[in-house]
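File shown: final-v6.cif (mmCIF, C-alpha atoms).
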data_final
#
loop_
_atom_site.group_PDB
_atom_site.id
_atom_site.type_symbol
_atom_site.label_atom_id
_atom_site.label_comp_id
_atom_site.auth_asym_id
_atom_site.auth_seq_id
_atom_site.Cartn_x
_atom_site.Cartn_y
_atom_site.Cartn_z
ATOM 1 C CA MET M 1045 -15.666 -66.840 12.169
ATOM 2 C CA ARG M 1046 -18.488 -65.879 14.495
ATOM 3 C CA GLU M 1047 -20.855 -63.316 12.982
ATOM 4 C CA LEU M 1048 -21.341 -60.322 15.251
ATOM 5 C CA PRO M 1049 -24.844 -59.482 16.379
ATOM 6 C CA GLY M 1050 -26.411 -56.483 14.659
ATOM 7 C CA ASN M 1051 -25.952 -54.142 17.606
ATOM 8 C CA GLU M 1052 -22.257 -54.998 17.878
ATOM 9 C CA ARG M 1053 -21.725 -54.531 14.148
ATOM 10 C CA GLY M 1054 -23.390 -51.124 14.369
ATOM 11 C CA GLY M 1055 -21.260 -50.094 17.318
ATOM 12 C CA GLN M 1056 -18.072 -51.185 15.579
ATOM 13 C CA TRP M 1057 -19.082 -49.275 12.447
ATOM 14 C CA ARG M 1058 -19.746 -46.116 14.462
ATOM 15 C CA ARG M 1059 -16.386 -46.424 16.225
ATOM 16 C CA SER M 1060 -14.664 -46.763 12.838
ATOM 17 C CA VAL M 1061 -16.411 -43.666 11.537
ATOM 18 C CA VAL M 1062 -15.463 -41.659 14.628
ATOM 19 C CA LEU M 1063 -11.853 -42.816 14.372
ATOM 20 C CA ALA M 1064 -11.686 -41.918 10.674
ATOM 21 C CA ALA M 1065 -13.170 -38.481 11.360
ATOM 22 C CA ALA M 1066 -10.631 -37.894 14.126
ATOM 23 C CA VAL M 1067 -7.814 -38.798 11.761
ATOM 24 C CA VAL M 1068 -9.125 -36.344 9.132
ATOM 25 C CA VAL M 1069 -9.474 -33.542 11.690
ATOM 26 C CA ALA M 1070 -5.953 -34.170 12.979
ATOM 27 C CA TRP M 1071 -4.594 -34.112 9.428
ATOM 28 C CA ILE M 1072 -6.318 -30.768 8.732
ATOM 29 C CA LEU M 1073 -4.993 -29.233 11.943
ATOM 30 C CA LEU M 1074 -1.442 -30.495 11.558
ATOM 31 C CA THR M 1075 -0.969 -30.081 7.821
ATOM 32 C CA PRO M 1076 0.463 -26.667 6.844
ATOM 33 C CA GLY M 1077 -1.282 -24.514 4.277
ATOM 34 C CA PRO M 1078 -0.253 -24.370 0.638
ATOM 35 C CA ALA M 1079 3.456 -23.892 0.135
ATOM 36 C CA GLY M 1080 4.283 -20.192 -0.021
ATOM 37 C CA ALA M 1081 0.792 -19.081 1.051
ATOM 38 C CA ALA M 1082 0.938 -15.326 1.692
ATOM 39 C CA ASP M 1083 0.378 -13.931 5.161
ATOM 40 C CA TYR M 1084 -2.099 -11.040 5.189
ATOM 41 C CA SER M 1085 -2.811 -11.153 8.908
ATOM 42 C CA ARG M 1086 -1.564 -7.586 9.392
ATOM 43 C CA ALA M 1087 -2.899 -6.120 6.164
ATOM 44 C CA ALA M 1088 -5.736 -4.206 7.816
ATOM 45 C CA ASP M 1089 -3.179 -2.367 9.980
ATOM 46 C CA ASN M 1090 -0.536 -1.762 7.316
ATOM 47 C CA PHE M 1091 -0.622 1.735 5.862
ATOM 48 C CA ALA M 1092 1.746 4.237 4.299
ATOM 49 C CA GLY M 1093 4.456 4.841 6.869
ATOM 50 C CA SER M 1094 3.364 2.344 9.505
ATOM 51 C CA GLN M 1095 6.635 0.441 9.163
ATOM 52 C CA ILE M 1096 8.775 3.500 8.509
ATOM 53 C CA ALA M 1097 7.747 5.031 11.810
ATOM 54 C CA ALA M 1098 8.402 1.712 13.573
ATOM 55 C CA HIS M 1099 11.913 1.391 12.119
ATOM 56 C CA GLU M 1100 13.048 5.003 11.851
ATOM 57 C CA GLY M 1101 11.103 6.763 14.572
ATOM 58 C CA VAL M 1102 9.372 10.139 14.730
ATOM 59 C CA HIS M 1103 11.576 13.190 15.232
ATOM 60 C CA GLY M 1104 9.162 16.116 15.222
ATOM 61 C CA GLY M 1105 7.587 17.921 12.304
ATOM 62 C CA PRO M 1106 7.527 21.206 10.387
ATOM 63 C CA GLY M 1107 4.180 22.523 11.584
ATOM 64 C CA LEU M 1108 1.751 24.307 9.279
ATOM 65 C CA ALA M 1109 3.899 27.291 8.273
ATOM 66 C CA ARG M 1110 4.664 25.649 4.940
ATOM 67 C CA VAL M 1111 1.094 26.149 3.756
ATOM 68 C CA ASP M 1112 1.870 29.858 3.659
ATOM 69 C CA ALA M 1113 5.114 29.113 1.822
ATOM 70 C CA GLY M 1114 3.471 27.670 -1.266
ATOM 71 C CA GLN M 1115 2.893 24.118 -0.091
ATOM 72 C CA THR M 1116 -0.494 22.393 -0.398
ATOM 73 C CA LEU M 1117 -1.848 20.503 2.586
ATOM 74 C CA GLY M 1118 -3.194 16.977 2.196
ATOM 75 C CA HIS M 1119 -3.350 13.644 3.953
ATOM 76 C CA ASP M 1120 -3.581 9.902 3.408
ATOM 77 C CA VAL M 1121 -5.875 7.306 4.955
ATOM 78 C CA SER M 1122 -6.486 3.575 5.016
ATOM 79 C CA GLY M 1123 -9.040 1.201 6.470
ATOM 80 C CA HIS M 1124 -7.373 2.019 9.795
ATOM 81 C CA GLN M 1125 -9.303 5.339 9.829
ATOM 82 C CA GLY M 1126 -12.691 3.736 9.152
ATOM 83 C CA VAL M 1127 -15.397 6.154 8.038
ATOM 84 C CA VAL M 1128 -13.845 9.565 7.357
ATOM 85 C CA ASP M 1129 -15.643 12.894 7.725
ATOM 86 C CA TRP M 1130 -14.448 14.304 4.415
ATOM 87 C CA LYS M 1131 -16.336 17.574 4.660
ATOM 88 C CA ALA M 1132 -14.609 18.247 7.964
ATOM 89 C CA ALA M 1133 -11.229 17.348 6.439
ATOM 90 C CA ALA M 1134 -11.808 19.773 3.574
ATOM 91 C CA GLY M 1135 -12.889 22.421 6.067
ATOM 92 C CA ALA M 1136 -9.652 21.849 8.006
ATOM 93 C CA GLY M 1137 -7.578 22.619 4.935
ATOM 94 C CA ALA M 1138 -7.157 19.315 3.074
ATOM 95 C CA ARG M 1139 -6.899 19.763 -0.681
ATOM 96 C CA PHE M 1140 -5.811 16.278 -1.713
ATOM 97 C CA THR M 1141 -5.684 12.773 -0.285
ATOM 98 C CA TYR M 1142 -4.421 9.279 -0.998
ATOM 99 C CA VAL M 1143 -6.402 6.202 0.062
ATOM 100 C CA LYS M 1144 -4.992 2.695 0.525
ATOM 101 C CA ALA M 1145 -6.620 0.380 -2.005
ATOM 102 C CA THR M 1146 -4.727 -2.899 -1.906
ATOM 103 C CA GLU M 1147 -1.893 -4.961 -0.471
ATOM 104 C CA GLY M 1148 -0.038 -7.643 -2.402
ATOM 105 C CA THR M 1149 -2.453 -9.712 -4.455
ATOM 106 C CA GLY M 1150 -4.708 -10.797 -1.622
ATOM 107 C CA PHE M 1151 -6.096 -7.798 0.263
ATOM 108 C CA VAL M 1152 -8.441 -4.939 -0.603
ATOM 109 C CA ASN M 1153 -9.137 -2.194 1.918
ATOM 110 C CA PRO M 1154 -12.787 -2.805 2.902
ATOM 111 C CA GLN M 1155 -13.232 0.937 3.452
ATOM 112 C CA PHE M 1156 -11.688 1.919 0.126
ATOM 113 C CA ARG M 1157 -14.748 2.693 -1.971
ATOM 114 C CA GLY M 1158 -16.453 4.738 0.725
ATOM 115 C CA GLN M 1159 -13.274 6.670 1.494
ATOM 116 C CA TYR M 1160 -12.300 7.227 -2.137
ATOM 117 C CA ASP M 1161 -15.749 8.323 -3.296
ATOM 118 C CA GLY M 1162 -16.298 10.334 -0.124
ATOM 119 C CA ALA M 1163 -13.153 12.364 -0.746
ATOM 120 C CA HIS M 1164 -14.274 13.098 -4.284
ATOM 121 C CA ALA M 1165 -17.741 14.167 -3.114
ATOM 122 C CA ALA M 1166 -16.147 16.615 -0.660
ATOM 123 C CA GLY M 1167 -14.172 18.255 -3.460
ATOM 124 C CA LEU M 1168 -10.746 16.773 -2.701
ATOM 125 C CA ILE M 1169 -8.383 15.608 -5.414
ATOM 126 C CA ARG M 1170 -7.809 11.965 -4.557
ATOM 127 C CA GLY M 1171 -5.643 9.026 -5.529
ATOM 128 C CA ALA M 1172 -5.144 5.422 -4.492
ATOM 129 C CA TYR M 1173 -2.041 3.662 -3.219
ATOM 130 C CA HIS M 1174 -0.857 0.059 -3.087
ATOM 131 C CA PHE M 1175 1.050 -1.461 -0.154
ATOM 132 C CA ALA M 1176 3.774 -3.471 -1.878
ATOM 133 C CA ARG M 1177 4.492 -7.096 -0.981
ATOM 134 C CA PRO M 1178 7.484 -8.126 -3.118
ATOM 135 C CA ASP M 1179 7.558 -11.435 -1.245
ATOM 136 C CA VAL M 1180 4.235 -12.769 -2.558
ATOM 137 C CA SER M 1181 4.052 -12.058 -6.313
ATOM 138 C CA THR M 1182 5.620 -10.116 -9.150
ATOM 139 C CA GLY M 1183 5.497 -6.366 -9.534
ATOM 140 C CA ALA M 1184 3.425 -6.739 -12.699
ATOM 141 C CA GLN M 1185 0.879 -8.947 -10.948
ATOM 142 C CA GLN M 1186 0.520 -6.472 -8.090
ATOM 143 C CA ALA M 1187 0.184 -3.511 -10.427
ATOM 144 C CA GLN M 1188 -2.622 -5.279 -12.259
ATOM 145 C CA TYR M 1189 -4.318 -6.221 -8.973
ATOM 146 C CA PHE M 1190 -4.061 -2.607 -7.835
ATOM 147 C CA ILE M 1191 -5.523 -1.278 -11.085
ATOM 148 C CA THR M 1192 -8.383 -3.775 -10.971
ATOM 149 C CA HIS M 1193 -9.304 -2.827 -7.384
ATOM 150 C CA GLY M 1194 -9.338 0.961 -7.535
ATOM 151 C CA GLY M 1195 -5.859 2.102 -8.516
ATOM 152 C CA ASP M 1196 -6.737 3.078 -12.070
ATOM 153 C CA TRP M 1197 -6.374 6.671 -13.246
ATOM 154 C CA HIS M 1198 -9.133 8.757 -14.852
ATOM 155 C CA ARG M 1199 -8.707 11.841 -16.988
ATOM 156 C CA ASP M 1200 -11.248 13.803 -14.958
ATOM 157 C CA GLY M 1201 -8.933 16.354 -13.383
ATOM 158 C CA THR M 1202 -9.628 15.058 -9.869
ATOM 159 C CA THR M 1203 -7.830 11.689 -9.862
ATOM 160 C CA LEU M 1204 -4.138 11.463 -9.005
ATOM 161 C CA PRO M 1205 -1.951 8.727 -10.487
ATOM 162 C CA GLY M 1206 -1.657 5.625 -8.352
ATOM 163 C CA ALA M 1207 1.171 5.328 -5.828
ATOM 164 C CA LEU M 1208 3.383 2.378 -4.918
ATOM 165 C CA ASP M 1209 4.000 2.247 -1.162
ATOM 166 C CA ILE M 1210 7.312 0.391 -0.834
ATOM 167 C CA GLU M 1211 8.657 0.217 2.716
ATOM 168 C CA TYR M 1212 9.846 -2.146 5.446
ATOM 169 C CA ASN M 1213 8.303 -5.619 5.444
ATOM 170 C CA PRO M 1214 5.822 -5.933 8.332
ATOM 171 C CA TYR M 1215 6.082 -9.739 8.182
ATOM 172 C CA GLY M 1216 9.833 -10.326 8.367
ATOM 173 C CA ASP M 1217 13.032 -9.334 6.575
ATOM 174 C CA PRO M 1218 12.945 -5.558 5.903
ATOM 175 C CA CYS M 1219 13.772 -6.086 2.224
ATOM 176 C CA TYR M 1220 11.403 -9.019 1.709
ATOM 177 C CA GLY M 1221 14.355 -11.360 1.180
ATOM 178 C CA LYS M 1222 15.411 -9.587 -2.027
ATOM 179 C CA SER M 1223 18.804 -8.286 -3.070
ATOM 180 C CA PRO M 1224 19.063 -4.608 -4.086
ATOM 181 C CA ALA M 1225 19.135 -5.616 -7.756
ATOM 182 C CA ASP M 1226 16.098 -7.863 -7.409
ATOM 183 C CA MET M 1227 14.190 -5.221 -5.468
ATOM 184 C CA THR M 1228 14.982 -2.593 -8.090
ATOM 185 C CA ASN M 1229 13.744 -4.922 -10.822
ATOM 186 C CA TRP M 1230 10.569 -5.672 -8.842
ATOM 187 C CA ILE M 1231 9.776 -1.961 -8.523
ATOM 188 C CA ALA M 1232 10.482 -1.482 -12.227
ATOM 189 C CA ASP M 1233 8.125 -4.366 -13.036
ATOM 190 C CA PHE M 1234 5.341 -2.633 -11.089
ATOM 191 C CA THR M 1235 5.909 0.869 -12.462
ATOM 192 C CA ARG M 1236 6.360 -0.327 -16.032
ATOM 193 C CA THR M 1237 3.100 -2.267 -15.882
ATOM 194 C CA TYR M 1238 1.207 0.643 -14.344
ATOM 195 C CA LEU M 1239 2.472 3.028 -17.007
ATOM 196 C CA ALA M 1240 1.573 0.610 -19.810
ATOM 197 C CA HIS M 1241 -1.996 0.195 -18.542
ATOM 198 C CA GLU M 1242 -2.784 3.718 -17.369
ATOM 199 C CA GLY M 1243 -0.572 5.946 -19.469
ATOM 200 C CA ARG M 1244 0.707 7.612 -16.279
ATOM 201 C CA SER M 1245 3.755 7.025 -14.146
ATOM 202 C CA ALA M 1246 3.001 5.832 -10.628
ATOM 203 C CA LEU M 1247 4.304 7.789 -7.672
ATOM 204 C CA ILE M 1248 6.801 5.964 -5.477
ATOM 205 C CA TYR M 1249 6.273 6.285 -1.729
ATOM 206 C CA THR M 1250 9.300 5.400 0.393
ATOM 207 C CA SER M 1251 11.901 6.655 2.852
ATOM 208 C CA THR M 1252 15.507 7.460 2.044
ATOM 209 C CA THR M 1253 16.804 5.019 4.647
ATOM 210 C CA TRP M 1254 14.754 2.101 3.325
ATOM 211 C CA TRP M 1255 15.656 3.002 -0.277
ATOM 212 C CA LYS M 1256 19.360 2.882 0.535
ATOM 213 C CA LEU M 1257 19.035 -0.374 2.438
ATOM 214 C CA CYS M 1258 16.878 -2.315 0.015
ATOM 215 C CA THR M 1259 17.601 -0.890 -3.452
ATOM 216 C CA GLY M 1260 21.230 0.079 -2.918
ATOM 217 C CA ASN M 1261 20.079 3.696 -3.420
ATOM 218 C CA THR M 1262 19.337 3.191 -7.103
ATOM 219 C CA ASN M 1263 18.771 6.329 -9.175
ATOM 220 C CA ARG M 1264 16.701 4.442 -11.748
ATOM 221 C CA PHE M 1265 13.313 6.085 -11.096
ATOM 222 C CA GLY M 1266 14.116 9.739 -10.472
ATOM 223 C CA ASN M 1267 13.356 10.835 -14.027
ATOM 224 C CA THR M 1268 10.159 8.841 -14.436
ATOM 225 C CA ASP M 1269 8.198 8.451 -11.201
ATOM 226 C CA PRO M 1270 7.320 11.304 -8.823
ATOM 227 C CA LEU M 1271 8.597 10.865 -5.272
ATOM 228 C CA TRP M 1272 6.336 10.720 -2.233
ATOM 229 C CA LEU M 1273 8.794 10.870 0.660
ATOM 230 C CA ALA M 1274 8.128 9.760 4.222
ATOM 231 C CA ARG M 1275 10.122 11.507 6.926
ATOM 232 C CA TYR M 1276 8.788 12.625 10.309
ATOM 233 C CA ALA M 1277 11.092 15.509 11.150
ATOM 234 C CA PRO M 1278 11.218 19.310 10.909
ATOM 235 C CA GLN M 1279 13.147 19.122 7.638
ATOM 236 C CA ILE M 1280 12.845 16.884 4.581
ATOM 237 C CA GLY M 1281 16.500 15.900 4.707
ATOM 238 C CA GLU M 1282 18.333 13.764 2.163
ATOM 239 C CA LEU M 1283 16.343 12.423 -0.777
ATOM 240 C CA PRO M 1284 16.805 8.993 -2.354
ATOM 241 C CA ALA M 1285 19.208 8.914 -5.298
ATOM 242 C CA GLY M 1286 17.806 10.072 -8.632
ATOM 243 C CA TRP M 1287 15.353 12.650 -7.291
ATOM 244 C CA ASP M 1288 16.250 16.312 -6.884
ATOM 245 C CA LYS M 1289 12.909 17.131 -5.250
ATOM 246 C CA GLN M 1290 9.921 15.415 -3.716
ATOM 247 C CA SER M 1291 6.403 15.830 -5.063
ATOM 248 C CA ILE M 1292 4.802 14.982 -1.722
ATOM 249 C CA TRP M 1293 6.262 14.945 1.780
ATOM 250 C CA GLN M 1294 4.510 12.839 4.409
ATOM 251 C CA PHE M 1295 5.733 14.808 7.398
ATOM 252 C CA SER M 1296 3.634 13.571 10.312
ATOM 253 C CA ARG M 1297 1.699 10.544 11.489
ATOM 254 C CA ALA M 1298 -1.037 12.683 13.030
ATOM 255 C CA GLY M 1299 -2.369 16.226 12.959
ATOM 256 C CA GLY M 1300 -5.417 18.235 12.039
ATOM 257 C CA LEU M 1301 -6.487 15.840 9.276
ATOM 258 C CA PRO M 1302 -7.464 12.169 9.474
ATOM 259 C CA GLY M 1303 -4.520 9.815 9.008
ATOM 260 C CA ASP M 1304 -1.046 10.958 7.980
ATOM 261 C CA GLN M 1305 -0.252 14.584 7.164
ATOM 262 C CA ASN M 1306 1.282 15.575 3.824
ATOM 263 C CA TYR M 1307 2.489 18.615 1.913
ATOM 264 C CA TYR M 1308 2.456 18.761 -1.855
ATOM 265 C CA ASN M 1309 5.573 20.583 -3.032
ATOM 266 C CA GLY M 1310 3.834 23.517 -4.668
ATOM 267 C CA PRO M 1311 0.521 25.394 -4.845
ATOM 268 C CA LEU M 1312 -2.822 23.760 -5.526
ATOM 269 C CA GLY M 1313 -2.399 24.333 -9.256
ATOM 270 C CA ARG M 1314 0.498 21.860 -9.229
ATOM 271 C CA VAL M 1315 -1.687 19.201 -7.606
ATOM 272 C CA GLN M 1316 -4.364 19.854 -10.201
ATOM 273 C CA ALA M 1317 -1.791 19.553 -12.983
ATOM 274 C CA LEU M 1318 -0.635 16.159 -11.659
ATOM 275 C CA ALA M 1319 -4.231 14.962 -11.599
ATOM 276 C CA LYS M 1320 -4.992 16.284 -15.057
ATOM 277 C CA GLY M 1321 -1.956 14.729 -16.682
ATOM 278 C CA PRO M 1322 -0.441 15.651 -20.032
ATOM 279 C CA SER M 1323 -2.695 16.842 -22.820
ATOM 280 C CA PRO M 1324 -3.908 14.022 -25.081
ATOM 281 C CA ALA M 1325 -2.006 13.669 -28.326
ATOM 282 C CA ALA M 1326 -3.729 15.468 -31.187
#
Final structure tokens representation of the file:
Amino acid sequence: MRELPGNERGGQWRRSVVLAAAVVVAWILLTPGPAGAADYSRAADNFAGSQIAAHEGVHGGPGLARVDAGQTLGHDVSGHQGVVDWKAAAGAGARFTYVKATEGTGFVNPQFRGQYDGAHAAGLIRGAYHFARPDVSTGAQQAQYFITHGGDWHRDGTTLPGALDIEYNPYGDPCYGKSPADMTNWIADFTRTYLAHEGRSALIYTSTTWWKLCTGNTNRFGNTDPLWLARYAPQIGELPAGWDKQSIWQFSRAGGLPGDQNYYNGPLGRVQALAKGPSPAA
């Protein structure tokens, strides 16, 4: 066999390297990601009620008369609001707030710490909420992720228990591909884990329509977890099974406060009592 001159051998070697590199690049581009890899492409825009409004619509609101009727005005925010002027929010009547901390087990609100600490500095009672993703991991895993990234409770009188935001799936099937029984068990896995770690029951944020559709309208949580109801209408309307009252009503997507508008079902002292929690055992 004729030996190739040095320049030809070098050229052939370079062509082989280029071809091999092209094959590797093509493999990277054409090979799908890890099986079951979670999609968080919309996480920055997912917030409490974003999917409820999209599926159920907005049908008006109650206005501010309820503040005079013993309700306490508050609001909730996420990274969607960016930097919040908390002093202005307090001046406009806000007495409490919830801030999105996490989604699934792969997203933390990049604005969380500034928003959460800013609310506290302005004198608001504040809590954190978790946007549930039952399609990506267990309820226990998501509760732990939430606790680790800001959803923990402190006995300081100004921190509300964490809240589980469970609503329509922004990435596909409204019920995340789960049966009512499986969804109910997933929620129980989250709330049970949160209670075990924090000694407080998490609030459950949802809408009656989603609850009926995806849990079969279970009454399992009414005696254990306070209800944060989403409904954008002049009246609260029907509650999910198991609850005879709501603790918080998210009544509007916009108003005088940053983010969504909420009423706590009672005077400020009730909000303070929820933050304080039960007295420690003697």
- Task: Find, counting all atoms listed in the file, the residue in M:Pro1278, M:Lys1320, M:Arg1110, M:Leu1247 that gets nearest to Gln1290 (chain M).
- Result: M:Leu1247
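You will find CA of Gly1321 (chain M) at 17.1 Å from CA of Trp1272 (chain M).
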With the cut-off set at 10 Å and counting all atoms listed in the file, tabulate each residue of region 1082-1104 of chain M with an atom at most that distance from an atom of region 1297-1303 of chain M, showing the nearest atom pair and its distance in Å to one decimal, ordered by chain and increasing number, as JSON lines.
{"residue": "M:Phe1091", "atom": "CA", "partner": "M:Gly1303", "partner_atom": "CA", "distance": 9.5}
{"residue": "M:Ala1092", "atom": "CA", "partner": "M:Arg1297", "partner_atom": "CA", "distance": 9.6}
{"residue": "M:Gly1093", "atom": "CA", "partner": "M:Arg1297", "partner_atom": "CA", "distance": 7.8}
{"residue": "M:Ser1094", "atom": "CA", "partner": "M:Arg1297", "partner_atom": "CA", "distance": 8.6}
{"residue": "M:Ala1097", "atom": "CA", "partner": "M:Arg1297", "partner_atom": "CA", "distance": 8.2}
{"residue": "M:Val1102", "atom": "CA", "partner": "M:Arg1297", "partner_atom": "CA", "distance": 8.3}
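Separating CA of Ala1088 (chain M) from CA of Gly1123 (chain M) is a distance of 6.5 Å.
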Residues of region 1109-1197 of chain M that have any atom at most 10 Å from an atom of region 1216-1231 of chain M: could you tabulate them with the shortest-distance atom pair and the distance in Å to one decimal, using only C-alpha atoms, ordered by chain and increasing number, as JSON lines?
{"residue": "M:Ala1176", "atom": "CA", "partner": "M:Ile1231", "partner_atom": "CA", "distance": 9.1}
{"residue": "M:Arg1177", "atom": "CA", "partner": "M:Tyr1220", "partner_atom": "CA", "distance": 7.7}
{"residue": "M:Pro1178", "atom": "CA", "partner": "M:Tyr1220", "partner_atom": "CA", "distance": 6.3}
{"residue": "M:Asp1179", "atom": "CA", "partner": "M:Tyr1220", "partner_atom": "CA", "distance": 5.4}
{"residue": "M:Val1180", "atom": "CA", "partner": "M:Tyr1220", "partner_atom": "CA", "distance": 9.1}
{"residue": "M:Ser1181", "atom": "CA", "partner": "M:Trp1230", "partner_atom": "CA", "distance": 9.5}
{"residue": "M:Thr1182", "atom": "CA", "partner": "M:Trp1230", "partner_atom": "CA", "distance": 6.7}
{"residue": "M:Gly1183", "atom": "CA", "partner": "M:Trp1230", "partner_atom": "CA", "distance": 5.2}
{"residue": "M:Ala1184", "atom": "CA", "partner": "M:Trp1230", "partner_atom": "CA", "distance": 8.2}
{"residue": "M:Ala1187", "atom": "CA", "partner": "M:Ile1231", "partner_atom": "CA", "distance": 9.9}
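Proximity to Gln1186 (chain M) was assessed for M:Pro1311, M:Gly1150, M:Gly1162, M:Gly1137 counting only C-alpha atoms; the smallest distance is recorded for M:Gly1150.
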